[in-house]
>>> print(open('run-v3.cif').read())   # mmCIF, C-alpha atoms
data_run
#
loop_
_atom_site.label_atom_id
_atom_site.label_comp_id
_atom_site.auth_asym_id
_atom_site.auth_seq_id
_atom_site.Cartn_x
_atom_site.Cartn_y
_atom_site.Cartn_z
CA MET A 30 64.80 -2.98 -22.25
CA LEU A 31 68.45 -3.77 -22.79
CA LEU A 32 67.72 -5.53 -26.08
CA ARG A 33 65.39 -4.25 -28.78
CA LEU A 34 62.73 -6.48 -30.31
CA LYS A 35 64.79 -6.83 -33.49
CA GLU A 36 67.76 -8.08 -31.45
CA ILE A 37 65.58 -10.38 -29.34
CA VAL A 38 64.17 -11.91 -32.54
CA GLN A 39 67.73 -12.46 -33.83
CA TRP A 40 68.89 -13.83 -30.50
CA THR A 41 66.07 -16.26 -29.68
CA ARG A 42 65.27 -17.05 -33.36
CA MET A 43 61.58 -16.55 -32.52
CA SER A 44 59.35 -14.31 -34.59
CA ALA A 45 57.60 -11.30 -33.03
CA PHE A 46 54.31 -13.20 -33.19
CA GLU A 47 55.75 -16.15 -31.25
CA LEU A 48 57.03 -13.75 -28.60
CA PHE A 49 53.56 -12.16 -28.50
CA LEU A 50 52.00 -15.59 -27.89
CA HIS A 51 54.49 -16.34 -25.11
CA LEU A 52 53.79 -13.01 -23.38
CA LEU A 53 50.02 -13.51 -23.66
CA SER A 54 50.18 -17.05 -22.26
CA ILE A 55 52.40 -15.94 -19.35
CA LEU A 56 49.94 -13.11 -18.56
CA VAL A 57 46.93 -15.47 -18.47
CA PHE A 58 48.93 -18.09 -16.55
CA SER A 59 50.06 -15.59 -13.91
CA ILE A 60 46.46 -14.48 -13.33
CA LEU A 61 45.36 -18.11 -12.94
CA VAL A 62 48.28 -18.88 -10.58
CA ALA A 63 47.43 -15.90 -8.39
CA ALA A 64 43.79 -16.99 -8.22
CA LYS A 65 44.78 -20.59 -7.46
CA VAL A 66 47.34 -19.73 -4.75
CA GLU A 67 45.01 -17.24 -3.05
CA GLY A 68 42.21 -19.85 -3.02
CA ASP A 69 39.84 -18.08 -5.43
CA LEU A 70 40.15 -20.85 -8.04
CA SER A 71 39.70 -24.55 -7.35
CA ALA A 72 41.07 -25.81 -10.67
CA SER A 73 43.87 -28.39 -10.79
CA TRP A 74 47.47 -27.43 -11.67
CA PRO A 75 47.28 -28.93 -15.21
CA THR A 76 44.27 -26.66 -15.88
CA VAL A 77 46.21 -23.64 -14.61
CA PHE A 78 49.09 -24.56 -16.92
CA ALA A 79 46.73 -24.97 -19.91
CA PRO A 80 47.48 -21.47 -21.44
CA LEU A 81 51.20 -22.30 -21.50
CA PHE A 82 50.59 -25.67 -23.18
CA ILE A 83 48.23 -24.07 -25.71
CA CYS A 84 50.92 -21.47 -26.49
CA ASP A 85 53.49 -24.22 -27.13
CA GLY A 86 51.01 -26.04 -29.38
CA LEU A 87 50.30 -22.89 -31.38
CA ASN A 88 54.02 -22.14 -31.70
CA ALA A 89 54.73 -25.66 -32.96
CA TYR A 90 51.86 -25.32 -35.45
CA LEU A 91 53.20 -21.95 -36.60
CA SER A 92 56.69 -23.40 -37.08
CA LEU A 93 55.25 -26.20 -39.21
CA ILE A 94 53.31 -23.69 -41.34
CA VAL A 95 56.46 -21.61 -41.87
CA PHE A 96 58.34 -24.80 -42.82
CA VAL A 97 55.69 -25.74 -45.39
CA ARG A 98 55.68 -22.23 -46.86
CA GLN A 99 59.48 -22.19 -47.16
CA TYR A 100 59.69 -25.63 -48.79
CA ARG A 101 61.49 -24.30 -51.89
CA ASP A 102 64.53 -23.47 -49.79
CA LEU A 103 64.51 -26.79 -47.95
CA LYS A 104 67.83 -26.38 -46.13
CA LYS A 105 66.94 -23.00 -44.65
CA ALA A 106 63.42 -24.19 -43.78
CA SER A 107 64.74 -27.33 -42.07
CA ILE A 108 67.24 -25.37 -39.98
CA ARG A 109 64.53 -22.93 -38.89
CA LEU A 110 62.15 -25.76 -38.02
CA ALA A 111 64.82 -27.61 -36.02
CA CYS A 112 65.79 -24.44 -34.12
CA SER A 113 62.16 -23.66 -33.27
CA LEU A 114 61.21 -27.21 -32.33
CA VAL A 115 64.20 -27.66 -30.00
CA VAL A 116 63.28 -24.50 -28.08
CA ILE A 117 59.57 -25.40 -28.00
CA ALA A 118 60.35 -28.95 -26.81
CA LEU A 119 62.59 -27.66 -24.02
CA PHE A 120 59.99 -25.10 -22.93
CA PHE A 121 57.27 -27.74 -23.01
CA THR A 122 59.35 -30.22 -20.96
CA PHE A 123 60.10 -27.53 -18.39
CA LYS A 124 56.42 -26.67 -18.05
CA ILE A 125 55.35 -30.33 -17.82
CA LEU A 126 57.95 -31.02 -15.11
CA LEU A 127 56.98 -27.87 -13.18
CA CYS A 128 53.31 -28.85 -13.39
CA GLN A 129 54.16 -32.36 -12.16
CA LYS A 130 56.20 -30.95 -9.29
CA LEU A 131 53.40 -28.64 -8.18
CA ALA A 132 50.70 -31.29 -8.58
CA LYS A 133 52.50 -34.26 -7.02
CA GLY A 134 55.70 -32.87 -5.49
CA ASN A 135 57.81 -35.90 -6.39
CA LEU A 136 60.54 -33.99 -8.25
CA THR A 137 63.36 -31.78 -7.04
CA CYS A 138 63.70 -28.28 -8.44
CA SER A 139 67.08 -29.13 -10.01
CA GLU A 140 65.40 -31.84 -12.10
CA VAL A 141 62.63 -29.46 -13.13
CA PHE A 142 65.15 -26.82 -14.21
CA VAL A 143 67.28 -29.13 -16.40
CA PRO A 144 65.46 -28.15 -19.67
CA LEU A 145 65.84 -24.50 -18.69
CA PHE A 146 69.60 -24.95 -18.18
CA PHE A 147 69.84 -26.48 -21.65
CA LEU A 148 67.80 -23.61 -23.05
CA CYS A 149 70.06 -21.03 -21.39
CA ASN A 150 73.11 -22.73 -22.89
CA ILE A 151 71.52 -22.76 -26.33
CA LEU A 152 70.70 -19.05 -25.96
CA LEU A 153 74.29 -18.41 -24.83
CA PHE A 154 75.63 -20.01 -28.02
CA ARG A 155 73.03 -18.27 -30.18
CA SER A 156 73.91 -14.90 -28.71
CA CYS A 157 77.36 -15.18 -30.33
CA ARG A 158 75.63 -14.90 -33.72
CA VAL A 159 73.63 -11.74 -32.96
CA HIS A 160 74.74 -8.83 -35.13
CA MET B 1 77.14 -2.00 -25.83
CA ALA B 2 76.93 -4.12 -28.95
CA ALA B 3 73.99 -6.46 -29.42
CA VAL B 4 76.18 -9.55 -29.06
CA GLN B 5 77.51 -8.37 -25.67
CA LYS B 6 74.00 -7.57 -24.47
CA ALA B 7 72.74 -11.00 -25.58
CA ILE B 8 75.64 -12.87 -23.91
CA PHE B 9 75.17 -10.85 -20.72
CA SER B 10 71.41 -11.55 -20.67
CA SER B 11 71.88 -15.31 -21.27
CA GLY B 12 74.54 -15.50 -18.56
CA ILE B 13 72.33 -13.70 -16.05
CA LEU B 14 69.42 -16.00 -16.93
CA LEU B 15 71.55 -19.11 -16.43
CA VAL B 16 73.05 -18.00 -13.08
CA THR B 17 69.62 -16.94 -11.78
CA ALA B 18 68.09 -20.29 -12.74
CA ILE B 19 70.92 -22.19 -10.99
CA LEU B 20 70.69 -20.10 -7.80
CA PHE B 21 66.88 -20.36 -7.79
CA ALA B 22 67.01 -24.17 -8.12
CA LEU B 23 69.61 -24.43 -5.33
CA ARG B 24 67.54 -22.26 -2.98
CA VAL B 25 64.25 -24.07 -3.64
CA ASP B 26 65.94 -27.44 -3.09
CA LYS B 27 67.34 -26.01 0.19
CA SER B 28 70.93 -26.80 -0.87
CA VAL B 29 71.74 -23.26 0.26
CA ASP B 30 69.95 -21.28 2.92
CA TRP B 31 70.55 -17.76 1.64
CA ASN B 32 68.19 -14.83 1.81
CA TRP B 33 66.02 -14.51 -1.32
CA PHE B 34 67.42 -11.04 -1.95
CA LEU B 35 70.87 -12.64 -2.34
CA ILE B 36 69.49 -15.28 -4.72
CA PHE B 37 68.21 -12.42 -6.90
CA ILE B 38 71.65 -10.71 -7.07
CA PRO B 39 72.15 -11.51 -10.81
CA LEU B 40 68.79 -9.87 -11.53
CA TRP B 41 69.70 -6.78 -9.46
CA LEU B 42 72.94 -6.60 -11.46
CA PHE B 43 70.98 -6.89 -14.70
CA ASP B 44 68.59 -4.12 -13.58
CA ALA B 45 71.49 -1.88 -12.61
CA VAL B 46 73.12 -2.32 -16.01
CA MET B 47 69.78 -1.81 -17.79
CA ILE B 48 68.96 1.41 -15.90
CA THR B 49 72.48 2.78 -16.41
CA TYR B 50 72.27 1.97 -20.12
CA ILE B 51 68.90 3.71 -20.51
CA ILE B 52 69.94 6.79 -18.49
CA VAL B 53 73.15 7.14 -20.52
CA ASN B 54 71.08 6.84 -23.70
CA ILE B 55 68.67 9.55 -22.47
CA ILE B 56 71.62 11.87 -21.67
CA ILE B 57 73.09 11.20 -25.13
CA HIS B 58 69.69 12.01 -26.63
CA PHE B 59 69.63 15.37 -24.83
CA ARG B 60 73.18 16.28 -25.86
CA THR B 61 72.86 15.29 -29.52
CA SER B 62 70.38 16.55 -32.10
CA PHE B 63 69.06 13.52 -33.94
CA CYS B 64 67.26 13.73 -37.25
CA GLY B 65 63.51 13.22 -36.66
CA ASN B 66 64.05 12.95 -32.88
CA VAL B 67 65.08 9.30 -33.36
CA ASP B 68 68.54 8.03 -32.37
CA ARG B 69 70.76 5.50 -34.17
CA ASN B 70 68.80 2.66 -32.50
CA ASP B 71 65.49 3.98 -33.92
CA MET B 72 64.39 5.04 -30.42
CA THR B 73 62.53 8.20 -29.48
CA LYS B 74 63.03 10.04 -26.19
CA ASN B 75 59.55 9.11 -24.97
CA ARG B 76 60.27 5.45 -25.61
CA LYS B 77 63.38 5.68 -23.42
CA TYR B 78 61.32 7.21 -20.60
CA GLY B 79 58.85 4.35 -21.06
CA LEU B 80 61.68 1.82 -20.76
CA LEU B 81 62.80 3.47 -17.52
CA VAL B 82 59.27 3.10 -16.10
CA PHE B 83 59.30 -0.52 -17.31
CA CYS B 84 62.51 -1.11 -15.29
CA VAL B 85 60.98 0.44 -12.17
CA PHE B 86 57.97 -1.90 -12.44
CA LYS B 87 60.27 -4.89 -12.97
CA ILE B 88 62.29 -4.01 -9.86
CA ALA B 89 59.07 -3.49 -7.86
CA PHE B 90 57.91 -6.97 -8.89
CA GLN B 91 61.24 -8.53 -7.87
CA VAL B 92 61.25 -6.78 -4.48
CA LEU B 93 57.66 -7.83 -3.75
CA LEU B 94 58.41 -11.41 -4.85
CA CYS B 95 61.48 -11.56 -2.58
CA LEU B 96 59.43 -10.24 0.36
CA ARG B 97 56.69 -12.79 -0.29
CA LEU B 98 59.23 -15.65 -0.56
CA GLU B 99 60.86 -14.46 2.68
CA GLY B 100 57.54 -15.06 4.42
CA PHE B 101 55.87 -11.64 4.49
CA GLN B 102 52.07 -11.88 4.30
CA ILE B 103 51.52 -10.07 0.98
CA SER B 104 48.70 -11.17 -1.31
CA LEU B 105 49.99 -12.71 -4.55
CA TYR B 106 47.69 -10.35 -6.47
CA TYR B 107 49.65 -7.34 -5.16
CA VAL B 108 52.96 -9.08 -5.96
CA LEU B 109 51.90 -9.75 -9.53
CA ILE B 110 50.38 -6.31 -10.31
CA PRO B 111 53.76 -4.83 -11.48
CA LEU B 112 54.39 -7.96 -13.57
CA TRP B 113 50.97 -7.62 -15.20
CA ALA B 114 51.68 -3.97 -15.98
CA VAL B 115 55.01 -4.95 -17.59
CA LEU B 116 53.42 -7.80 -19.56
CA VAL B 117 50.52 -5.66 -20.80
CA ALA B 118 52.97 -2.93 -21.87
CA GLY B 119 55.07 -5.54 -23.69
CA LEU B 120 51.99 -7.02 -25.36
CA VAL B 121 50.70 -3.63 -26.54
CA ASP B 122 54.14 -2.68 -27.85
CA ASN B 123 54.56 -6.02 -29.61
CA PHE B 124 51.04 -5.74 -31.05
CA PHE B 125 51.78 -2.35 -32.62
CA VAL B 126 55.03 -3.71 -34.09
CA LEU B 127 53.13 -6.65 -35.58
CA LYS B 128 50.37 -4.39 -36.87
CA ALA B 129 52.60 -1.72 -38.37
CA SER B 130 55.42 -3.91 -39.76
CA SER B 131 57.66 -0.88 -39.32
CA PRO B 132 61.08 -0.50 -37.67
CA TYR B 133 60.96 -0.93 -33.90
CA ARG B 134 60.74 2.42 -32.03
#
>>> encode(input="run-v3.cif", output="C-alpha cells")
Amino acid sequence: MLLRLKEIVQWTRMSAFELFLHLLSILVFSILVAAKVEGDLSASWPTVFAPLFICDGLNAYLSLIVFVRQYRDLKKASIRLACSLVVIALFFTFKILLCQKLAKGNLTCSEVFVPLFFLCNILLFRSCRVH
Amino acid sequence: MAAVQKAIFSSGILLVTAILFALRVDKSVDWNWFLIFIPLWLFDAVMITYIIVNIIIHFRTSFCGNVDRNDMTKNRKYGLLVFCVFKIAFQVLLCLRLEGFQISLYYVLIPLWAVLVAGLVDNFFVLKASSPYR
C-alpha cells in the first residue's frame, strides 16, 4: 500500500493489534452482510453489526489496559487514552447510526456520516505529525 | 513521497470520498457511481504509480540484503501491486452493483475478502515476529 504499517500506526495512533482487530471484524461483518443481503441469513441488522461492536469493545478494553500499565507516566498515558477513546467513540457512533439507518431507515446518510467526517478531520490533523 | 504527504493525501481522499458518497446516497446529486468513486480511482492511480516506480528503482539499484531503504523486498512490492489490482476489482464490481447490474454480493466481495485476508496474514506475521515491517 501507499503507507507502511509503521506509518499507519504513527498516523492513526492505533497499535498493530488494534488494526488487526479492525480488519478481522470488517472481514466477519462483510461475510454476514453478504449473507443477509442475498437472503441466506435471517438475522437482524444489530446482529450483523455485532462483530464491529465487539471489536470496538475490545479496543476500548485494550486502551484501558495500556493506560493502567503506563500509569507511571500519567501524562503520556492520559494523552494516549484520550486519543484512542475519541477515535473508538467516533467509530462506534458511526456504526450505531449506520445500523439504525439500515434497520429503521429514519436517518439520512449525511447524518450517519457526521462521525466519519470528524474522524477524517482528526486524521488530517494527525497526519501532519507523521515523520 | 514523504510519509506526511502520503498521510495527508490519504486523509483528504477519505474525506472527499465520504462526502461524495453521502451526497449520492441522499440523492442530492444524481451522478454515476463511477464518478462518485473518482477520488478512489485517483488514489489507486497514485498508489500503482508509486509501487511501479519503487519496483523500477529496486531493479536499477543494488540494495544490501535485497531490501530497500523502506525495508521492502522486491516480492513484497509485487504483492502490493496484486493487492492494488484486487482493490480496483472490488471497486469496479461495487460500482456496477450500485449502478443496478445483477451481480451477487458474494462475487462483489470476493476481492475485498482476498485483500482483507492478505492484510490480516501480513499483520499477524508482524505481530508474531515483532520485527521491522517488510
>>> resolve_selection(input="run-v3.cif", expression="the PyMOL selection byres ((chain A) within 10 of (chain B))", output="PyMOL selection string")
chain A and resi 30-37+39-41+44-46+48-53+55-57+59-60+62-67+136-143+145-160
>>> write_last_selection(input="run-v3.cif", atoms="C-alpha atoms", output="PDB file, in the frame of the given file")
ATOM      1  CA  MET A  30      64.800  -2.980 -22.250  1.00  0.00           C
ATOM      2  CA  LEU A  31      68.450  -3.770 -22.790  1.00  0.00           C
ATOM      3  CA  LEU A  32      67.720  -5.530 -26.080  1.00  0.00           C
ATOM      4  CA  ARG A  33      65.390  -4.250 -28.780  1.00  0.00           C
ATOM      5  CA  LEU A  34      62.730  -6.480 -30.310  1.00  0.00           C
ATOM      6  CA  LYS A  35      64.790  -6.830 -33.490  1.00  0.00           C
ATOM      7  CA  GLU A  36      67.760  -8.080 -31.450  1.00  0.00           C
ATOM      8  CA  ILE A  37      65.580 -10.380 -29.340  1.00  0.00           C
ATOM      9  CA  GLN A  39      67.730 -12.460 -33.830  1.00  0.00           C
ATOM     10  CA  TRP A  40      68.890 -13.830 -30.500  1.00  0.00           C
ATOM     11  CA  THR A  41      66.070 -16.260 -29.680  1.00  0.00           C
ATOM     12  CA  SER A  44      59.350 -14.310 -34.590  1.00  0.00           C
ATOM     13  CA  ALA A  45      57.600 -11.300 -33.030  1.00  0.00           C
ATOM     14  CA  PHE A  46      54.310 -13.200 -33.190  1.00  0.00           C
ATOM     15  CA  LEU A  48      57.030 -13.750 -28.600  1.00  0.00           C
ATOM     16  CA  PHE A  49      53.560 -12.160 -28.500  1.00  0.00           C
ATOM     17  CA  LEU A  50      52.000 -15.590 -27.890  1.00  0.00           C
ATOM     18  CA  HIS A  51      54.490 -16.340 -25.110  1.00  0.00           C
ATOM     19  CA  LEU A  52      53.790 -13.010 -23.380  1.00  0.00           C
ATOM     20  CA  LEU A  53      50.020 -13.510 -23.660  1.00  0.00           C
ATOM     21  CA  ILE A  55      52.400 -15.940 -19.350  1.00  0.00           C
ATOM     22  CA  LEU A  56      49.940 -13.110 -18.560  1.00  0.00           C
ATOM     23  CA  VAL A  57      46.930 -15.470 -18.470  1.00  0.00           C
ATOM     24  CA  SER A  59      50.060 -15.590 -13.910  1.00  0.00           C
ATOM     25  CA  ILE A  60      46.460 -14.480 -13.330  1.00  0.00           C
ATOM     26  CA  VAL A  62      48.280 -18.880 -10.580  1.00  0.00           C
ATOM     27  CA  ALA A  63      47.430 -15.900  -8.390  1.00  0.00           C
ATOM     28  CA  ALA A  64      43.790 -16.990  -8.220  1.00  0.00           C
ATOM     29  CA  LYS A  65      44.780 -20.590  -7.460  1.00  0.00           C
ATOM     30  CA  VAL A  66      47.340 -19.730  -4.750  1.00  0.00           C
ATOM     31  CA  GLU A  67      45.010 -17.240  -3.050  1.00  0.00           C
ATOM     32  CA  LEU A 136      60.540 -33.990  -8.250  1.00  0.00           C
ATOM     33  CA  THR A 137      63.360 -31.780  -7.040  1.00  0.00           C
ATOM     34  CA  CYS A 138      63.700 -28.280  -8.440  1.00  0.00           C
ATOM     35  CA  SER A 139      67.080 -29.130 -10.010  1.00  0.00           C
ATOM     36  CA  GLU A 140      65.400 -31.840 -12.100  1.00  0.00           C
ATOM     37  CA  VAL A 141      62.630 -29.460 -13.130  1.00  0.00           C
ATOM     38  CA  PHE A 142      65.150 -26.820 -14.210  1.00  0.00           C
ATOM     39  CA  VAL A 143      67.280 -29.130 -16.400  1.00  0.00           C
ATOM     40  CA  LEU A 145      65.840 -24.500 -18.690  1.00  0.00           C
ATOM     41  CA  PHE A 146      69.600 -24.950 -18.180  1.00  0.00           C
ATOM     42  CA  PHE A 147      69.840 -26.480 -21.650  1.00  0.00           C
ATOM     43  CA  LEU A 148      67.800 -23.610 -23.050  1.00  0.00           C
ATOM     44  CA  CYS A 149      70.060 -21.030 -21.390  1.00  0.00           C
ATOM     45  CA  ASN A 150      73.110 -22.730 -22.890  1.00  0.00           C
ATOM     46  CA  ILE A 151      71.520 -22.760 -26.330  1.00  0.00           C
ATOM     47  CA  LEU A 152      70.700 -19.050 -25.960  1.00  0.00           C
ATOM     48  CA  LEU A 153      74.290 -18.410 -24.830  1.00  0.00           C
ATOM     49  CA  PHE A 154      75.630 -20.010 -28.020  1.00  0.00           C
ATOM     50  CA  ARG A 155      73.030 -18.270 -30.180  1.00  0.00           C
ATOM     51  CA  SER A 156      73.910 -14.900 -28.710  1.00  0.00           C
ATOM     52  CA  CYS A 157      77.360 -15.180 -30.330  1.00  0.00           C
ATOM     53  CA  ARG A 158      75.630 -14.900 -33.720  1.00  0.00           C
ATOM     54  CA  VAL A 159      73.630 -11.740 -32.960  1.00  0.00           C
ATOM     55  CA  HIS A 160      74.740  -8.830 -35.130  1.00  0.00           C
TER      56      HIS A 160
END
>>> atom_distance(input="run-v3.cif", atom1="atom CA of B:Ile103", atom2="atom CA of A:Phe82")
28.8 Å
>>> closest_residue(input="run-v3.cif", among="B:Val67, B:Ala129, B:Val92, B:Phe101", to="B:Leu35", atoms="all atoms listed in the file")
B:Val92
>>> atom_distance(input="run-v3.cif", atom1="atom CA of A:Asp69", atom2="atom CA of A:Cys84")
24.0 Å
>>> closest_residue(input="run-v3.cif", among="B:Phe125, B:Tyr78, B:Trp31, B:Trp41", to="B:His58", atoms="all atoms listed in the file")
B:Tyr78
>>> build_atoms(input="run-v3.cif", residues="stretch 54-78 of chain A", atoms="N, CA and C atoms", output="mmCIF file, in the coordinates of the input")
data_model
loop_
_atom_site.group_PDB
_atom_site.id
_atom_site.type_symbol
_atom_site.label_atom_id
_atom_site.label_comp_id
_atom_site.auth_asym_id
_atom_site.auth_seq_id
_atom_site.Cartn_x
_atom_site.Cartn_y
_atom_site.Cartn_z
ATOM 1 N N SER A 54 50.410 -15.841 -23.064
ATOM 2 C CA SER A 54 50.180 -17.050 -22.260
ATOM 3 C C SER A 54 50.703 -16.849 -20.833
ATOM 4 N N ILE A 55 51.851 -16.166 -20.702
ATOM 5 C CA ILE A 55 52.400 -15.940 -19.350
ATOM 6 C C ILE A 55 51.467 -15.014 -18.553
ATOM 7 N N LEU A 56 50.876 -14.028 -19.237
ATOM 8 C CA LEU A 56 49.940 -13.110 -18.560
ATOM 9 C C LEU A 56 48.733 -13.890 -18.028
ATOM 10 N N VAL A 57 48.116 -14.697 -18.887
ATOM 11 C CA VAL A 57 46.930 -15.470 -18.470
ATOM 12 C C VAL A 57 47.313 -16.455 -17.357
ATOM 13 N N PHE A 58 48.461 -17.115 -17.549
ATOM 14 C CA PHE A 58 48.930 -18.090 -16.550
ATOM 15 C C PHE A 58 49.157 -17.438 -15.190
ATOM 16 N N SER A 59 49.777 -16.248 -15.189
ATOM 17 C CA SER A 59 50.060 -15.590 -13.910
ATOM 18 C C SER A 59 48.765 -15.202 -13.187
ATOM 19 N N ILE A 60 47.751 -14.805 -13.962
ATOM 20 C CA ILE A 60 46.460 -14.480 -13.330
ATOM 21 C C ILE A 60 45.853 -15.740 -12.705
ATOM 22 N N LEU A 61 45.916 -16.850 -13.449
ATOM 23 C CA LEU A 61 45.360 -18.110 -12.940
ATOM 24 C C LEU A 61 46.118 -18.601 -11.701
ATOM 25 N N VAL A 62 47.464 -18.454 -11.737
ATOM 26 C CA VAL A 62 48.280 -18.880 -10.580
ATOM 27 C C VAL A 62 47.921 -18.071 -9.350
ATOM 28 N N ALA A 63 47.780 -16.750 -9.526
ATOM 29 C CA ALA A 63 47.430 -15.900 -8.390
ATOM 30 C C ALA A 63 46.086 -16.324 -7.802
ATOM 31 N N ALA A 64 45.108 -16.581 -8.690
ATOM 32 C CA ALA A 64 43.790 -16.990 -8.220
ATOM 33 C C ALA A 64 43.854 -18.344 -7.512
ATOM 34 N N LYS A 65 44.651 -19.249 -8.046
ATOM 35 C CA LYS A 65 44.780 -20.590 -7.460
ATOM 36 C C LYS A 65 45.457 -20.529 -6.083
ATOM 37 N N VAL A 66 46.577 -19.785 -6.008
ATOM 38 C CA VAL A 66 47.340 -19.730 -4.750
ATOM 39 C C VAL A 66 46.540 -19.015 -3.661
ATOM 40 N N GLU A 67 45.788 -17.984 -4.053
ATOM 41 C CA GLU A 67 45.010 -17.240 -3.050
ATOM 42 C C GLU A 67 43.681 -17.933 -2.712
ATOM 43 N N GLY A 68 43.398 -19.066 -3.369
ATOM 44 C CA GLY A 68 42.210 -19.850 -3.020
ATOM 45 C C GLY A 68 40.932 -19.403 -3.709
ATOM 46 N N ASP A 69 41.040 -18.536 -4.717
ATOM 47 C CA ASP A 69 39.840 -18.080 -5.430
ATOM 48 C C ASP A 69 39.483 -19.008 -6.597
ATOM 49 N N LEU A 70 40.365 -19.944 -6.897
ATOM 50 C CA LEU A 70 40.150 -20.850 -8.040
ATOM 51 C C LEU A 70 40.431 -22.270 -7.559
ATOM 52 N N SER A 71 39.502 -23.184 -7.848
ATOM 53 C CA SER A 71 39.700 -24.550 -7.350
ATOM 54 C C SER A 71 40.157 -25.511 -8.449
ATOM 55 N N ALA A 72 40.642 -24.955 -9.554
ATOM 56 C CA ALA A 72 41.070 -25.810 -10.670
ATOM 57 C C ALA A 72 42.375 -26.528 -10.324
ATOM 58 N N SER A 73 42.638 -27.641 -11.035
ATOM 59 C CA SER A 73 43.870 -28.390 -10.790
ATOM 60 C C SER A 73 45.051 -27.681 -11.459
ATOM 61 N N TRP A 74 46.277 -28.081 -11.095
ATOM 62 C CA TRP A 74 47.470 -27.430 -11.670
ATOM 63 C C TRP A 74 47.554 -27.599 -13.187
ATOM 64 N N PRO A 75 47.249 -28.819 -13.737
ATOM 65 C CA PRO A 75 47.280 -28.930 -15.210
ATOM 66 C C PRO A 75 46.358 -27.931 -15.909
ATOM 67 N N THR A 76 45.197 -27.647 -15.291
ATOM 68 C CA THR A 76 44.270 -26.660 -15.880
ATOM 69 C C THR A 76 44.886 -25.265 -15.848
ATOM 70 N N VAL A 77 45.566 -24.962 -14.727
ATOM 71 C CA VAL A 77 46.210 -23.640 -14.610
ATOM 72 C C VAL A 77 47.312 -23.484 -15.653
ATOM 73 N N PHE A 78 47.993 -24.602 -15.945
ATOM 74 C CA PHE A 78 49.090 -24.560 -16.920
ATOM 75 C C PHE A 78 48.585 -24.614 -18.373
#
